[in-house]
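Below is the file query-v7.txt, which contains compact mmCIF, C-alpha atoms.
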```
# COMPACT_ATOMS: atom_id res chain seq x y z
CA LEU A 348 -17.91 -10.14 61.74
CA THR A 349 -18.71 -6.46 62.31
CA ASP A 350 -17.05 -5.39 59.04
CA LEU A 351 -18.73 -8.07 56.93
CA MET A 352 -21.68 -6.62 55.01
CA VAL A 353 -24.62 -8.44 53.40
CA LYS A 354 -25.44 -8.12 49.71
CA VAL A 355 -28.82 -9.53 48.64
CA GLY A 356 -29.95 -9.91 45.03
CA ARG A 357 -33.15 -8.39 43.76
CA LYS A 358 -36.33 -10.43 44.35
CA THR A 359 -34.41 -12.63 46.80
CA GLU A 360 -35.43 -13.29 50.39
CA ILE A 361 -32.74 -14.72 52.67
CA GLU A 362 -32.95 -15.84 56.28
CA LEU A 363 -29.89 -16.94 58.23
CA GLY A 364 -30.47 -18.54 61.61
CA GLY A 365 -34.00 -17.13 61.55
CA ILE A 366 -32.75 -13.57 60.90
CA ARG A 367 -33.90 -11.80 57.71
CA LEU A 368 -30.94 -10.38 55.77
CA PHE A 369 -30.99 -7.01 53.99
CA ASN A 370 -28.55 -5.14 51.78
CA LYS A 371 -25.70 -3.40 53.67
CA MET A 372 -26.66 -5.17 56.87
CA SER A 373 -23.75 -5.98 59.21
CA CYS A 374 -23.08 -9.62 60.16
CA ASN A 375 -22.15 -8.67 63.73
CA SER A 376 -25.04 -10.69 65.16
CA PHE A 377 -23.44 -13.93 63.95
CA GLU A 378 -20.48 -15.84 65.40
CA LEU A 379 -17.56 -17.63 63.81
CA GLU A 380 -17.65 -21.41 63.32
CA THR A 381 -21.30 -21.66 64.36
CA GLU A 382 -23.92 -23.40 62.21
CA TYR A 383 -26.81 -21.26 60.97
CA SER A 384 -29.70 -22.57 58.87
CA LEU A 385 -29.82 -20.87 55.46
CA VAL A 386 -33.23 -20.29 53.85
CA ILE A 387 -33.48 -18.65 50.41
CA ASN A 388 -36.93 -17.75 49.07
CA GLN A 389 -38.46 -19.99 51.73
CA SER A 390 -36.37 -23.02 50.65
CA TYR A 391 -33.97 -24.58 53.15
CA MET A 392 -30.47 -24.63 51.59
CA GLY A 393 -28.45 -26.20 54.40
CA GLU A 394 -26.22 -24.95 57.18
CA LEU A 395 -23.83 -22.00 56.83
CA GLN A 396 -20.76 -21.23 58.92
CA PHE A 397 -18.43 -18.23 58.93
CA TYR A 398 -14.66 -18.70 59.07
CA GLN A 399 -11.98 -16.05 59.29
CA SER A 400 -8.30 -16.33 58.44
CA ASP A 401 -5.56 -14.58 60.45
CA ASN A 402 -1.84 -13.69 60.36
CA VAL A 403 -1.38 -14.17 56.61
CA ALA A 404 -1.41 -11.90 53.57
CA THR A 405 -4.23 -12.02 51.00
CA MET A 406 -4.00 -12.10 47.21
CA TYR A 407 -6.91 -11.57 44.83
CA ILE A 408 -6.47 -12.67 41.20
CA ASP A 409 -9.08 -12.10 38.51
CA THR A 410 -8.60 -13.63 35.07
CA ASN A 411 -9.82 -11.87 31.92
CA SER A 412 -12.18 -14.77 31.20
CA GLY A 413 -13.63 -14.67 34.71
CA ASN A 414 -12.79 -18.34 35.37
CA MET A 415 -9.83 -20.75 35.56
CA ASP A 416 -10.95 -23.12 32.78
CA TYR A 417 -8.33 -22.12 30.22
CA ILE A 418 -5.42 -22.18 32.69
CA HIS A 419 -6.48 -25.54 34.13
CA GLU A 420 -6.93 -27.04 30.65
CA ASN A 421 -3.16 -27.08 30.13
CA GLN A 422 -0.42 -25.89 32.48
CA GLU A 423 1.28 -24.03 29.60
CA ASN A 424 -1.82 -21.92 28.89
CA VAL A 425 -1.27 -18.29 29.85
CA GLU A 426 -4.05 -15.84 30.67
CA HIS A 427 -3.93 -12.13 31.47
CA THR A 428 -4.98 -11.23 34.99
CA SER A 429 -5.32 -8.45 37.51
CA ILE A 430 -3.74 -8.83 40.96
CA ALA A 431 -4.38 -7.17 44.30
CA LEU A 432 -2.10 -8.10 47.20
CA TYR A 433 -2.62 -7.07 50.83
CA THR A 434 -0.44 -7.57 53.90
CA GLU A 435 -1.66 -9.58 56.88
CA ASN A 436 -2.80 -6.23 58.37
CA GLY A 437 -4.95 -5.42 55.33
CA ILE A 438 -2.62 -2.79 53.86
CA GLU A 439 -2.34 -2.73 50.08
CA ASP A 440 1.09 -4.01 49.03
CA PHE A 441 0.77 -4.32 45.26
CA LYS A 442 -1.86 -3.87 42.58
CA THR A 443 -1.85 -4.30 38.80
CA SER A 444 -4.25 -4.98 35.95
CA ALA A 445 -1.44 -6.12 33.63
CA ALA A 446 -0.13 -9.47 34.84
CA ALA A 447 -0.19 -12.99 33.42
CA MET A 448 -0.77 -16.39 35.02
CA LYS A 449 -0.14 -20.02 34.11
CA GLY A 450 -0.02 -23.36 35.88
CA ARG A 451 3.11 -25.11 37.13
CA GLY A 452 4.15 -28.49 38.48
CA ASN A 453 4.79 -32.04 37.34
CA PHE A 454 3.65 -34.60 39.89
CA THR A 455 1.53 -31.95 41.65
CA TRP A 456 -0.27 -30.58 38.58
CA LYS A 457 -2.81 -33.40 38.59
CA TRP A 458 -4.09 -32.49 42.05
CA ASP A 459 -7.16 -30.29 42.46
CA LYS A 460 -5.27 -27.62 44.38
CA LYS A 461 -2.76 -26.39 41.80
CA SER A 462 0.33 -24.19 41.86
CA TYR A 463 0.72 -21.19 39.57
CA VAL A 464 3.32 -18.88 37.99
CA LEU A 465 2.69 -15.13 38.02
CA SER A 466 4.46 -12.93 35.44
CA LEU A 467 4.69 -9.18 36.04
CA ILE A 468 5.63 -6.46 33.56
CA GLN A 469 8.64 -5.49 35.65
CA PRO A 470 10.35 -6.75 38.82
CA GLU A 471 8.30 -5.96 41.94
CA ASN A 472 9.21 -6.22 45.62
CA LEU A 473 6.21 -8.19 46.86
CA LEU A 474 5.70 -8.29 50.62
CA SER A 475 9.30 -7.06 51.18
CA MET A 476 10.82 -10.27 49.80
CA GLY A 477 12.95 -8.54 47.15
CA SER A 478 12.26 -7.84 43.49
CA SER A 479 11.35 -10.33 40.80
CA ASN A 480 9.14 -10.27 37.72
CA LYS A 481 8.14 -13.93 38.15
CA TRP A 482 6.57 -15.40 41.27
CA ILE A 483 5.31 -18.85 42.25
CA LEU A 484 2.13 -19.52 44.18
CA LEU A 485 3.09 -22.83 45.77
CA SER A 486 0.05 -24.89 46.70
CA ASN A 487 1.66 -27.34 49.19
CA ALA A 488 -1.08 -29.63 47.91
CA VAL A 489 0.00 -32.90 49.56
CA ASP A 490 1.00 -31.22 52.83
CA GLU A 491 -2.14 -30.44 54.81
CA SER A 492 -0.01 -28.95 57.61
CA ASN A 493 1.26 -26.31 55.15
CA ILE A 494 4.54 -25.96 57.07
CA ARG A 495 7.02 -28.34 55.42
CA ASN A 496 8.25 -26.01 52.68
CA LYS A 497 8.27 -23.05 55.06
CA LEU A 498 10.42 -24.92 57.61
CA VAL A 499 12.95 -25.79 54.90
CA TYR A 500 13.09 -22.25 53.54
CA ASP A 501 13.47 -20.89 57.06
CA ILE A 502 16.43 -23.15 57.87
CA ALA A 503 18.01 -22.29 54.51
CA SER A 504 17.63 -18.60 55.27
CA ASN A 505 19.16 -19.19 58.70
CA ILE A 506 22.33 -20.66 57.23
CA GLU A 507 22.33 -18.11 54.37
CA PHE A 508 21.90 -20.67 51.61
CA ALA A 509 21.98 -18.96 48.20
CA GLY A 510 18.82 -18.41 46.21
CA PRO A 511 15.20 -17.48 46.92
CA THR A 512 14.57 -18.63 50.49
CA GLN A 513 12.14 -15.94 51.59
CA CYS A 514 8.52 -16.96 51.28
CA THR A 515 5.25 -15.63 52.67
CA TYR A 516 1.85 -17.22 53.25
CA VAL A 517 -1.09 -15.81 51.30
CA ASP A 518 -4.78 -16.64 51.25
CA LEU A 519 -5.53 -16.88 47.54
CA TYR A 520 -8.83 -15.83 45.96
CA LEU A 521 -9.36 -16.67 42.28
CA ASN A 522 -12.14 -14.70 40.59
CA GLY A 523 -13.68 -14.03 43.98
CA GLU A 524 -13.58 -17.65 45.17
CA TYR A 525 -11.38 -18.73 48.08
CA ASN A 526 -8.77 -21.19 46.77
CA GLY A 527 -6.77 -21.97 49.91
CA LEU A 528 -3.51 -21.16 51.67
CA TYR A 529 -0.42 -20.75 49.48
CA LEU A 530 3.26 -19.84 49.77
CA LEU A 531 4.41 -16.93 47.63
CA VAL A 532 8.06 -17.25 46.54
CA LYS A 533 10.24 -15.98 43.70
CA LYS A 534 10.60 -18.19 40.64
CA ILE A 535 14.04 -19.80 40.79
CA ASP A 536 15.29 -18.80 37.35
CA SER A 537 14.02 -15.20 37.62
CA VAL A 538 16.78 -14.03 39.98
CA PRO A 539 20.19 -15.09 38.56
CA ASP A 540 21.85 -12.16 40.34
CA GLU A 541 20.93 -13.63 43.73
CA LEU A 542 22.87 -16.74 42.77
CA GLY A 543 25.84 -14.90 41.31
CA ILE A 544 25.06 -16.27 37.83
CA ASP A 545 26.51 -14.09 35.04
CA LEU A 546 25.11 -15.38 31.76
CA ARG A 547 27.47 -13.12 29.78
CA GLN A 548 30.39 -15.06 31.27
CA GLY A 549 28.96 -18.45 30.30
CA ASP A 550 27.41 -19.31 33.67
CA PHE A 551 24.33 -21.54 33.70
CA LEU A 552 21.62 -23.09 35.90
CA CYS A 553 20.63 -26.75 35.51
CA LYS A 554 18.08 -29.10 37.00
CA ILE A 555 18.28 -32.86 37.47
CA ASP A 556 14.91 -34.44 36.69
CA MET A 557 13.16 -37.74 36.09
CA ASN A 558 13.79 -39.48 32.77
CA ASP A 559 10.08 -39.85 32.05
CA ARG A 560 9.64 -36.06 32.18
CA TRP A 561 11.91 -35.54 29.15
CA GLU A 562 9.10 -34.40 26.84
CA LYS A 563 7.99 -31.72 29.29
CA LEU A 564 11.46 -30.22 29.79
CA GLU A 565 13.00 -27.31 27.93
CA ASN A 566 16.58 -27.68 26.67
CA PRO A 567 17.19 -31.16 28.14
CA PHE A 568 20.22 -33.37 27.54
CA GLU A 569 21.45 -36.72 28.79
CA SER A 570 24.65 -36.60 30.82
CA SER A 571 27.50 -39.10 30.55
CA MET A 572 26.02 -40.96 33.55
CA GLY A 573 22.62 -41.25 31.90
CA ARG A 574 21.00 -38.49 33.90
CA THR A 575 18.28 -36.21 32.52
CA VAL A 576 19.50 -32.62 32.87
CA GLU A 577 17.47 -29.52 31.95
CA ILE A 578 19.16 -26.19 31.24
CA SER A 579 17.06 -23.61 33.11
CA LEU A 580 19.35 -20.66 32.40
CA PRO A 581 20.06 -19.35 29.82
CA ALA A 582 16.39 -19.52 28.84
CA VAL A 583 17.28 -19.66 25.14
CA VAL A 584 20.06 -22.12 24.30
CA THR A 585 21.74 -22.75 20.94
CA GLU A 586 22.94 -26.23 19.96
CA ASN A 587 26.55 -25.12 20.48
CA GLU A 588 25.73 -23.72 23.91
CA GLN A 589 23.93 -26.89 24.94
CA ALA A 590 26.91 -28.96 23.76
CA ARG A 591 29.30 -26.77 25.77
CA ILE A 592 27.21 -27.11 28.94
CA LYS A 593 26.91 -30.88 28.47
CA VAL A 594 30.71 -31.21 28.22
CA LEU A 595 31.16 -29.27 31.47
CA VAL A 596 28.51 -31.27 33.33
CA ASP A 597 29.96 -34.55 32.05
CA GLU A 598 33.42 -33.54 33.30
CA MET A 599 31.97 -32.72 36.71
CA GLU A 600 30.14 -36.06 36.93
CA ASN A 601 33.21 -38.05 35.89
CA ILE A 602 35.31 -36.36 38.57
CA LEU A 603 32.65 -37.03 41.23
CA VAL A 604 32.71 -40.78 40.63
CA SER A 605 36.40 -41.14 39.79
CA ASN A 606 38.11 -41.04 43.18
CA LYS A 607 36.94 -40.44 46.71
CA ASP A 608 40.15 -38.54 47.50
CA PHE A 609 39.81 -35.83 44.83
CA ASN A 610 40.03 -32.24 46.06
CA SER A 611 36.34 -31.38 45.98
CA GLU A 612 37.04 -27.68 46.56
CA GLU A 613 38.56 -27.44 43.07
CA ILE A 614 35.33 -28.14 41.20
CA ILE A 615 32.47 -27.50 43.61
CA ASP A 616 31.53 -24.99 46.27
CA VAL A 617 31.69 -27.49 49.11
CA ASP A 618 29.57 -25.60 51.63
CA SER A 619 26.62 -25.22 49.25
CA TRP A 620 26.64 -28.94 48.36
CA VAL A 621 27.06 -29.95 52.01
CA SER A 622 24.24 -27.63 53.09
CA ARG A 623 21.85 -28.82 50.39
CA TYR A 624 22.68 -32.45 51.17
CA LEU A 625 22.10 -31.91 54.91
CA ILE A 626 18.79 -30.12 54.32
CA ASP A 627 17.62 -32.95 52.07
CA GLU A 628 18.82 -35.66 54.45
CA ILE A 629 17.43 -34.06 57.60
CA PHE A 630 13.95 -33.58 56.13
CA GLY A 631 13.95 -36.89 54.24
CA ASN A 632 13.60 -35.42 50.76
CA ILE A 633 12.79 -38.28 48.38
CA ASP A 634 13.44 -36.03 45.35
CA SER A 635 16.99 -35.15 46.42
CA ASP A 636 19.38 -35.49 43.48
CA LEU A 637 16.53 -37.13 41.56
CA ALA A 638 13.86 -34.62 40.53
CA SER A 639 13.67 -30.81 40.55
CA SER A 640 17.17 -30.83 42.00
CA TYR A 641 19.10 -27.71 40.92
CA PHE A 642 22.77 -26.83 40.58
CA TYR A 643 24.53 -23.95 38.84
CA TYR A 644 27.90 -23.09 37.35
CA SER A 645 29.48 -19.78 38.31
CA ASP A 646 33.04 -18.50 38.21
CA GLY A 647 34.38 -21.91 37.18
CA ARG A 648 32.76 -23.94 39.98
CA TYR A 649 29.53 -25.80 40.63
CA TYR A 650 27.12 -24.73 43.36
CA ALA A 651 24.17 -26.68 44.76
CA GLY A 652 20.78 -25.02 44.75
CA PRO A 653 18.47 -23.24 44.75
CA LEU A 654 16.07 -25.30 46.87
CA TRP A 655 12.69 -26.39 45.58
CA ASP A 656 9.56 -28.19 46.79
CA TYR A 657 9.68 -30.07 50.09
CA ASP A 658 6.01 -30.94 50.57
CA MET A 659 6.72 -34.71 50.54
CA THR A 660 9.13 -34.82 53.48
CA LEU A 661 9.14 -35.54 57.23
CA GLY A 662 7.63 -38.99 56.93
CA ASN A 663 4.46 -38.34 54.92
CA TYR A 664 5.39 -40.80 52.14
CA TYR A 665 6.26 -44.49 52.15
CA ARG A 666 9.76 -43.84 50.79
CA ASN A 667 10.72 -41.54 53.69
CA GLU A 668 8.65 -42.99 56.53
CA ASP A 669 11.66 -44.52 58.34
CA PRO A 670 13.43 -41.70 60.26
CA CYS A 671 16.41 -43.94 61.04
CA SER A 672 17.74 -44.53 57.53
CA PHE A 673 19.65 -42.57 54.91
CA ILE A 674 17.30 -41.10 52.34
CA ALA A 675 18.95 -38.28 50.39
CA LYS A 676 22.13 -40.21 49.62
CA ASN A 677 20.32 -43.47 48.86
CA PRO A 678 20.85 -44.06 45.09
CA ASN A 679 17.69 -46.20 44.88
CA LYS A 680 15.07 -43.73 46.10
CA SER A 681 13.00 -44.50 43.01
CA SER A 682 12.41 -47.69 41.04
CA ARG A 683 12.41 -45.66 37.81
CA ASP A 684 15.51 -43.47 38.15
CA PHE A 685 18.79 -43.39 40.05
CA SER A 686 20.80 -40.70 41.81
CA PHE A 687 24.49 -40.61 42.65
CA TYR A 688 25.73 -37.06 43.34
CA ASN A 689 25.03 -37.22 47.08
CA GLY A 690 26.39 -40.72 47.46
CA ALA A 691 29.58 -39.97 45.51
CA LEU A 692 30.23 -36.77 47.45
CA TYR A 693 29.60 -38.50 50.76
CA GLU A 694 32.47 -40.89 49.95
CA ASN A 695 34.81 -37.94 49.43
CA ASP A 696 36.95 -37.43 52.55
CA SER A 697 37.01 -33.62 52.53
CA PHE A 698 33.27 -33.44 51.77
CA TYR A 699 32.41 -35.81 54.61
CA GLU A 700 34.58 -33.90 57.10
CA ARG A 701 32.87 -30.63 56.16
CA THR A 702 29.47 -32.33 56.42
CA VAL A 703 30.16 -33.30 60.02
CA GLU A 704 31.45 -29.80 60.84
CA LEU A 705 28.53 -27.90 59.34
CA TYR A 706 26.00 -30.30 60.84
CA LYS A 707 27.38 -29.70 64.33
CA GLU A 708 28.07 -25.98 64.02
CA SER A 709 25.22 -24.64 61.88
CA PHE A 710 22.41 -27.16 61.68
CA LEU A 711 22.06 -28.75 65.12
CA PRO A 712 21.35 -25.47 67.01
CA VAL A 713 18.70 -24.50 64.45
CA LEU A 714 17.18 -27.99 64.47
CA THR A 715 17.00 -28.12 68.26
CA LYS A 716 15.09 -24.83 68.29
CA MET A 717 12.88 -26.03 65.43
CA ILE A 718 11.93 -29.19 67.34
CA ASP A 719 11.37 -27.40 70.65
CA GLU A 720 9.69 -24.22 69.42
CA ASP A 721 9.47 -23.36 65.72
CA VAL A 722 7.25 -26.19 64.44
CA TYR A 723 4.61 -25.43 67.07
CA SER A 724 4.85 -21.63 66.81
CA LEU A 725 4.61 -21.71 63.00
CA THR A 726 1.63 -24.07 63.16
CA GLU A 727 -0.11 -21.83 65.69
CA SER A 728 0.51 -18.68 63.64
CA ILE A 729 -1.28 -20.09 60.56
CA SER A 730 -3.84 -22.21 62.41
CA ALA A 731 -6.88 -20.17 61.32
CA ALA A 732 -5.71 -19.96 57.71
CA SER A 733 -4.74 -23.63 57.62
CA LYS A 734 -8.11 -24.67 59.02
CA MET A 735 -9.89 -22.81 56.23
CA ASN A 736 -7.60 -24.49 53.70
CA SER A 737 -8.43 -27.94 55.12
CA ILE A 738 -12.14 -27.24 54.80
CA ARG A 739 -11.75 -25.93 51.23
CA TRP A 740 -9.82 -29.03 50.13
CA GLU A 741 -11.38 -31.63 52.44
CA ASP A 742 -12.27 -34.04 49.61
CA MET A 743 -8.77 -33.86 48.11
CA TYR A 744 -7.07 -34.69 51.41
CA LYS A 745 -9.53 -37.52 52.04
CA ASN A 746 -8.60 -38.97 48.63
CA PHE A 747 -4.87 -38.65 49.39
CA TYR A 748 -5.12 -40.51 52.68
CA GLU A 749 -7.57 -43.20 51.58
CA ASN A 750 -5.50 -44.05 48.48
CA GLY A 751 -2.12 -43.93 50.23
CA ILE A 752 -0.80 -41.06 48.11
CA VAL A 753 0.55 -39.49 51.29
CA THR A 754 0.36 -40.46 54.96
CA PRO A 755 -1.65 -38.27 57.34
CA THR A 756 0.71 -36.79 59.93
CA THR A 757 -0.05 -34.65 62.95
CA ILE A 758 2.26 -31.88 64.12
CA ASP A 759 3.38 -34.12 66.99
CA ASP A 760 4.17 -36.83 64.41
CA MET A 761 6.34 -34.40 62.49
CA VAL A 762 8.21 -33.25 65.59
CA SER A 763 8.76 -36.85 66.68
CA TYR A 764 10.01 -37.74 63.18
CA LEU A 765 12.41 -34.79 63.14
CA ASP A 766 13.63 -35.63 66.64
CA SER A 767 14.29 -39.26 65.63
CA ARG A 768 15.94 -38.08 62.44
CA VAL A 769 18.37 -35.87 64.37
CA GLY A 770 19.14 -38.74 66.73
CA PHE A 771 19.94 -41.02 63.79
CA LEU A 772 22.11 -38.44 62.02
CA ASN A 773 23.94 -37.64 65.24
```

Go ahead and render the structure in this file as structure tokens.
Amino acid sequence: LTDLMVKVGRKTEIELGGIRLFNKMSCNSFELETEYSLVINQSYMGELQFYQSDNVATMYIDTNSGNMDYIHENQENVEHTSIALYTENGIEDFKTSAAAMKGRGNFTWKWDKKSYVLSLIQPENLLSMGSSNKWILLSNAVDESNIRNKLVYDIASNIEFAGPTQCTYVDLYLNGEYNGLYLLVKKIDSVPDELGIDLRQGDFLCKIDMNDRWEKLENPFESSMGRTVEISLPAVVTENEQARIKVLVDEMENILVSNKDFNSEEIIDVDSWVSRYLIDEIFGNIDSDLASSYFYYSDGRYYAGPLWDYDMTLGNYYRNEDPCSFIAKNPNKSSRDFSFYNGALYENDSFYERTVELYKESFLPVLTKMIDEDVYSLTESISAASKMNSIRWEDMYKNFYENGIVTPTTIDDMVSYLDSRVGFLN
């Protein structure tokens, strides 16, 4: 606490742990995570503790209004902001006074800890993750461990899965107030080049989503199989363009369900669909092929991805709590909607053979290391930051657990779940 300096308002007397505080006084006489009585103008205010994060970057965002009221009023409300981003070593990485911010999320938007979209004037290479003009601050709201999304992105990066897989932890401060630990990652539709999407050639990016989210989606249509599909790219779609994309998607769906012996390589990039299916199945992703599930059309074929949002995985929800059952290819993951891409592909002989091959060759070695080392090392590396986050959002987590929104899981629980999952899939 040597570098932490005191600032005291005029006509204010403050005592901390019996020590009188003065302007520009160092806090080096205090210790971390120790309770000190706080007395202001001779009135006891309670106990104060100091906490310090470690090993993560820090982002400061200040809105023009000085608060988050307008942004939190509606997730489509946009406000101008200034941003200052520092590496985990305290070195300035990026700074601007001309950015914009809005909320994001469907199921997660109602939680107190919210996710956000940052829009920059031009593409910027934040924290050496590559350039983009749109970035997501992912809250991981229902995952108190803060590691589920990071584990998925790490395994995707390991197998070179296409799309934004690099992400970095940041401590987020909004208008000077600590708001918790976040993951900073590129917005999926802001980097078509990384996916090989050429919009001039008629390529497109789509997302499968829940039927009851129709009103919130941009450029949605209903596929021949009754699925709700949103066109994410192009961002602006004419009626003719939407009709063309619907015809292509309908053709793809009809082929998927027509015959288990079709040559899957002719219409899909098999490895991308196998890899996405395996990632979803291994981690027990209840949204797989159901909600926020992306695929894209490029060079005459369909590719699975990019990946998105894995905070409700690894047994922290009642629909994925059994590690010894199929989850991603189960068509009845939800009582409201159905999924069939994974199940139909799994019945395809060539797809299944490639699934077994990639699982053995690419996934098992990574998973073994993840179970033995990576889960624990990642947890240790963010332990100080994650502890601060748990304190900041203590009431929210208590509400989650008491109302059964998610199941509390320890790191050992997650490792045991993943180990059982691998045993079942083997």

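Going from CA of Met557 (chain A) over to CA of Ser570 (chain A), you cover 12.7 Å.
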
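The coordinates place CA of Asp401 (chain A) at 24.0 Å from CA of Lys371 (chain A).
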
Need to verify the contact set: Pro567 (chain A), 8 Å, all atoms listed in the file, exclusion of same-chain residues closer than 5 positions in sequence. Can you return it as number ranges by chain?
A: 561, 575-578

Writing out the chosen residues with C-alpha atoms as a CSV table (one decimal), in the frame of the given file:
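Result went into result-v9.csv, see below:
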```
chain,number,residue,atom,x,y,z
A,561,TRP,CA,11.9,-35.5,29.2
A,575,THR,CA,18.3,-36.2,32.5
A,576,VAL,CA,19.5,-32.6,32.9
A,577,GLU,CA,17.5,-29.5,32.0
A,578,ILE,CA,19.2,-26.2,31.2
```

- Skip Phe747 (chain A) itself and residues of its chain fewer than 2 positions away, then list as a VMD selection string all residues within 12 Å of it, counting only C-alpha atoms. chain A and resid 458 to 459 488 to 491 663 to 664 740 to 745 749 to 755

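Each of A:Leu519, A:Ile626, A:Leu498, A:Ile602 was checked against Met761 (chain A) using only C-alpha atoms; the smallest atom-to-atom distance is that of A:Leu498.
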
Query raised in the report: Using only C-alpha atoms, which residues sit within 9 Å of Lys593 (chain A) once same-chain residues fewer than 2 positions away are excluded, as a ChimeraX atom specification?
Result: /A:568-571,576,588-591,595-598

For region 717-732 of chain A: contacts at 8 Å, all atoms listed in the file, fewer than 2 positions along chain excluded, given as a PyMOL selection string: chain A and resi 399-403+492+494+498+518+528+713-715+734-736+758+762+765-766

Set out as a tab-separated table a contact list for region 494-611 of chain A and region 627-643 of chain A with a cut-off of 9 Å, giving each residue of region 494-611 of chain A that qualifies its closest atom pair and distance in Å to one decimal, counting all atoms listed in the file, ordered by chain and rising residue number.
```
residue	atom	partner	partner_atom	distance
A:Arg495	CA	A:Phe630	CA	8.7
A:Val499	CA	A:Phe630	CA	7.9
A:Leu542	CA	A:Tyr643	CA	8.4
A:Ile544	CA	A:Tyr643	CA	7.8
A:Asp550	CA	A:Tyr643	CA	7.5
A:Phe551	CA	A:Tyr643	CA	5.7
A:Leu552	CA	A:Tyr643	CA	4.2
A:Cys553	CA	A:Phe642	CA	5.5
A:Lys554	CA	A:Tyr641	CA	4.3
A:Ile555	CA	A:Ser640	CA	5.1
A:Asp556	CA	A:Ala638	CA	4.0
A:Met557	CA	A:Ala638	CA	5.5
A:Arg574	CA	A:Leu637	CA	9.0
A:Leu580	CA	A:Tyr643	CA	8.9
```

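The shell of residues at most 12 Å from Arg357 (chain A), with all atoms listed in the file counted and near chain neighbours (fewer than 5 positions) removed, consists of A:Phe369, A:Asn370, A:Asn388.
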
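Closest approach to Gly573 (chain A) among A:Asp684, A:Ser390, A:Ile506, A:Gln469: A:Asp684, based on only C-alpha atoms.
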
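Here CA of Trp620 (chain A) is placed at a distance of 14.3 Å from CA of Ser709 (chain A).
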
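The smallest atom-to-atom distance between Leu531 (chain A) and any of A:Ala431, A:Met406, A:Ile418, A:Arg768, using all atoms listed in the file, is found for A:Met406.
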
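Distances from A:Gly527, A:Gly543, A:Gly770, A:Pro653 to Ser733 (chain A) were compared using all atoms listed in the file, and the smallest one belongs to A:Gly527.
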
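Nearest to Lys707 (chain A) of all the residues A:Ser645, A:Asn679, A:Thr443, A:Ser622 is A:Ser622, counting only C-alpha atoms.
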